[in-house]
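Content type mmCIF, C-alpha atoms, from the file query-v1.cif:
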data_coords
#
loop_
_atom_site.label_atom_id
_atom_site.label_comp_id
_atom_site.auth_asym_id
_atom_site.auth_seq_id
_atom_site.Cartn_x
_atom_site.Cartn_y
_atom_site.Cartn_z
CA MET X 27 123.94 3.37 -42.19
CA LEU X 28 123.35 3.52 -45.94
CA VAL X 29 120.16 4.95 -47.43
CA ARG X 30 118.72 5.48 -50.89
CA LEU X 31 116.57 8.47 -51.78
CA LEU X 32 114.63 8.85 -55.01
CA TYR X 33 113.10 12.15 -56.08
CA ALA X 34 111.65 13.88 -59.11
CA SER X 35 111.89 17.53 -60.07
CA ARG X 36 111.39 19.79 -63.05
CA ALA X 37 114.27 21.73 -64.54
CA VAL X 38 113.95 25.51 -64.43
CA ASP X 39 116.47 25.86 -67.29
CA ILE X 40 116.39 23.02 -69.83
CA THR X 41 119.41 24.06 -71.88
CA PRO X 42 122.11 21.40 -72.26
CA GLU X 43 124.55 23.71 -70.45
CA ALA X 44 122.28 23.94 -67.39
CA ILE X 45 121.83 20.16 -67.22
CA GLU X 46 125.57 19.60 -67.63
CA SER X 47 126.20 22.12 -64.84
CA ILE X 48 124.08 20.04 -62.44
CA LEU X 49 125.95 16.86 -63.42
CA ALA X 50 129.36 18.50 -63.16
CA GLN X 51 128.58 19.87 -59.70
CA SER X 52 127.35 16.43 -58.57
CA ARG X 53 130.43 14.67 -59.92
CA GLN X 54 132.71 17.15 -58.19
CA HIS X 55 131.07 17.22 -54.74
CA ASN X 56 129.44 13.80 -54.29
CA PRO X 57 132.60 11.67 -53.99
CA LEU X 58 133.80 13.85 -51.10
CA SER X 59 130.58 13.02 -49.21
CA GLY X 60 130.46 9.35 -50.17
CA ILE X 61 127.38 9.98 -52.33
CA THR X 62 126.70 7.87 -55.41
CA GLY X 63 123.70 7.87 -57.70
CA ILE X 64 122.13 8.16 -61.08
CA LEU X 65 120.25 10.93 -62.83
CA CYS X 66 117.67 10.44 -65.53
CA TYR X 67 116.59 13.52 -67.46
CA GLY X 68 114.01 13.87 -70.19
CA GLY X 69 111.31 16.29 -71.23
CA GLY X 70 112.30 18.80 -68.56
CA VAL X 71 111.96 16.21 -65.77
CA PHE X 72 114.65 14.79 -63.49
CA LEU X 73 114.41 11.40 -61.82
CA GLN X 74 117.35 10.93 -59.49
CA ALA X 75 118.48 8.29 -57.01
CA ILE X 76 121.13 9.21 -54.47
CA GLU X 77 122.81 6.81 -52.07
CA GLY X 78 125.13 7.21 -49.13
CA GLY X 79 125.16 7.79 -45.40
CA ARG X 80 121.87 8.93 -43.88
CA MET X 81 123.14 12.36 -42.83
CA GLN X 82 124.98 12.99 -46.10
CA VAL X 83 121.95 12.05 -48.24
CA SER X 84 119.65 14.14 -46.05
CA GLU X 85 121.98 17.13 -46.30
CA LEU X 86 122.25 16.79 -50.08
CA PHE X 87 118.47 16.53 -50.48
CA GLY X 88 118.12 19.67 -48.35
CA HIS X 89 120.43 21.50 -50.78
CA ILE X 90 118.45 20.19 -53.76
CA MET X 91 115.22 21.45 -52.18
CA LYS X 92 116.74 24.96 -52.07
CA ASP X 93 118.43 24.78 -55.49
CA PRO X 94 116.85 27.36 -57.83
CA ARG X 95 117.59 25.09 -60.81
CA HIS X 96 114.84 22.69 -59.63
CA ARG X 97 111.11 23.15 -59.08
CA ASP X 98 108.20 20.84 -58.20
CA ILE X 99 110.51 18.63 -56.14
CA ALA X 100 108.80 15.44 -54.96
CA LEU X 101 110.28 12.80 -52.67
CA LEU X 102 109.29 9.49 -54.29
CA HIS X 103 111.06 6.87 -52.20
CA TYR X 104 113.39 6.62 -49.21
CA GLU X 105 114.82 3.43 -47.72
CA GLU X 106 117.61 2.02 -45.62
CA ILE X 107 119.79 -0.27 -47.75
CA ASP X 108 122.35 -3.01 -47.15
CA GLU X 109 124.38 -2.13 -50.23
CA ARG X 110 124.54 0.47 -52.97
CA ARG X 111 122.85 -0.17 -56.30
CA PHE X 112 124.61 2.79 -57.96
CA GLY X 113 128.01 2.47 -56.27
CA GLY X 114 129.91 2.61 -59.58
CA TRP X 115 128.82 6.17 -60.30
CA SER X 116 129.64 9.50 -58.70
CA MET X 117 126.57 10.60 -60.66
CA GLY X 118 125.66 8.57 -63.72
CA GLN X 119 123.31 9.93 -66.36
CA VAL X 120 120.83 7.87 -68.35
CA ASN X 121 120.91 8.89 -72.00
CA LEU X 122 117.22 8.95 -72.98
CA THR X 123 118.08 9.61 -76.64
CA LYS X 124 119.29 5.99 -76.89
CA LEU X 125 116.23 4.57 -75.18
CA ASN X 126 113.74 2.02 -76.42
CA HIS X 127 110.42 3.58 -75.41
CA ALA X 128 109.04 0.12 -74.60
CA ILE X 129 111.00 0.39 -71.33
CA LEU X 130 108.99 3.47 -70.36
CA LEU X 131 105.74 1.78 -71.40
CA LYS X 132 106.57 -1.21 -69.21
CA HIS X 133 106.13 1.02 -66.15
CA SER X 134 103.87 3.88 -67.21
CA GLU X 135 100.85 4.82 -69.31
CA LYS X 136 102.81 6.82 -71.89
CA PRO X 137 106.26 6.43 -73.46
CA GLU X 138 107.61 9.49 -71.68
CA LEU X 139 109.43 10.13 -68.42
CA ASP X 140 106.78 11.11 -65.86
CA PRO X 141 107.76 9.92 -62.37
CA TYR X 142 105.06 12.16 -60.87
CA SER X 143 102.43 9.68 -62.06
CA LEU X 144 104.21 6.61 -60.63
CA SER X 145 104.69 5.21 -57.15
CA GLY X 146 108.15 5.42 -55.63
CA LYS X 147 108.78 1.69 -56.02
CA VAL X 148 107.71 1.75 -59.67
CA SER X 149 109.91 4.80 -60.28
CA LEU X 150 112.88 2.95 -58.79
CA ALA X 151 112.14 -0.12 -60.95
CA LEU X 152 111.91 2.16 -63.99
CA LEU X 153 115.24 3.77 -63.14
CA GLU X 154 116.88 0.36 -62.74
CA ASP X 155 115.46 -0.78 -66.10
CA LEU X 156 116.68 2.43 -67.73
CA MET X 157 120.09 1.92 -66.22
CA ALA X 158 120.23 -1.67 -67.46
CA ASN X 159 119.05 -0.89 -70.99
CA ALA X 160 120.11 2.65 -71.85
CA ALA X 161 123.53 4.20 -72.35
CA ILE X 162 124.97 5.47 -69.08
CA CYS X 163 127.42 8.36 -68.90
CA GLY X 164 129.61 9.33 -65.98
CA ARG X 165 130.78 6.04 -64.47
CA VAL X 166 133.56 6.57 -61.93
#

What do you get writing this file as structure tokens?
Amino acid sequence: MLVRLLYASRAVDITPEAIESILAQSRQHNPLSGITGILCYGGGVFLQAIEGGRMQVSELFGHIMKDPRHRDIALLHYEEIDERRFGGWSMGQVNLTKLNHAILLKHSEKPELDPYSLSGKVSLALLEDLMANAAICGRV
């Protein structure tokens, strides 16, 4: 059974090297577990969707919860799915530097990434809009 999990967290280390380390680790390990997803990062905040088998996604989220590189982890949305939305990525990254801030304003009060102030469904819609309109790195 396939599931999708969406969470937000704050980066402990916001250096480009630290963020790239998270992406590199995801891209190395996720394909082995059948995990796909997308990561949006901006202003020290992560918004990430992960998809795959129920046990694999649950196990990965358990590791994220213990990962010292993340804090203030919040589960935003969890659902059983018929098909993957992010199947073309081992872990894609939304490039917020190439973003039209009107996309953020479509879903939130301010033109900044703040999934903590949004519902899970709105956060997922925001992530899908970001994916559709921003540059994506890391396609498989």

(request) Rank nothing, just name the residue among X:Leu122, X:Leu31, X:Gly68, X:Leu130 nearest to Leu86 (chain X), using all atoms listed in the file. (result) X:Leu31

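Between Asn56 (chain X) and the residues X:Val83, X:Ala34, X:Leu73, X:Leu144, the shortest atom-to-atom distance, using only C-alpha atoms, involves X:Val83.
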
(request) List, as a count of residues only, every residue that the PyMOL selection byres ((chain X and resi 70) around 8) selects in the file provided. (result) 8

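Distances here use only C-alpha atoms; by that measure, the residue among X:Ile76, X:Val148, X:Ile107, X:Cys66 closest to Leu125 (chain X) is X:Cys66.
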
(request) Work out how far CA of His133 (chain X) is from CA of Ser149 (chain X), in Å to one decimal. (result)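 A separation of 7.9 Å between them.
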
(message) Counting only C-alpha atoms, I want the residues whose atoms come within 10 Å of (119.7, 10.0, -60.6) in the file frame, returned as a VMD selection string.
(response) chain X and resid 31 to 34 49 62 to 67 72 to 77 112 115 117 to 120 150 153 157

(request) Would you mind reading off the distance between CA of Arg110 (chain X) and CA of Ser59 (chain X), one decimal, in Å? (result)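 We find that CA of Arg110 (chain X) and CA of Ser59 (chain X) lie 14.4 Å from each other.
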
(request) Could you tell me which residues the PyMOL selection byres ((chain X and resi 127) around 10) grabs in this file, written as a VMD selection string? (result) chain X and resid 122 to 126 128 to 132 136 to 139 156

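The space separating CA of Ala151 (chain X) from CA of Leu101 (chain X) comes to 15.5 Å.
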
(message) From the options X:Val38, X:Ala50, X:Glu135, X:Val29, which residue's atoms come nearest to Arg97 (chain X), counting all atoms listed in the file?
(response)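 Smallest separation from Arg97 (chain X) among the options: X:Val38.
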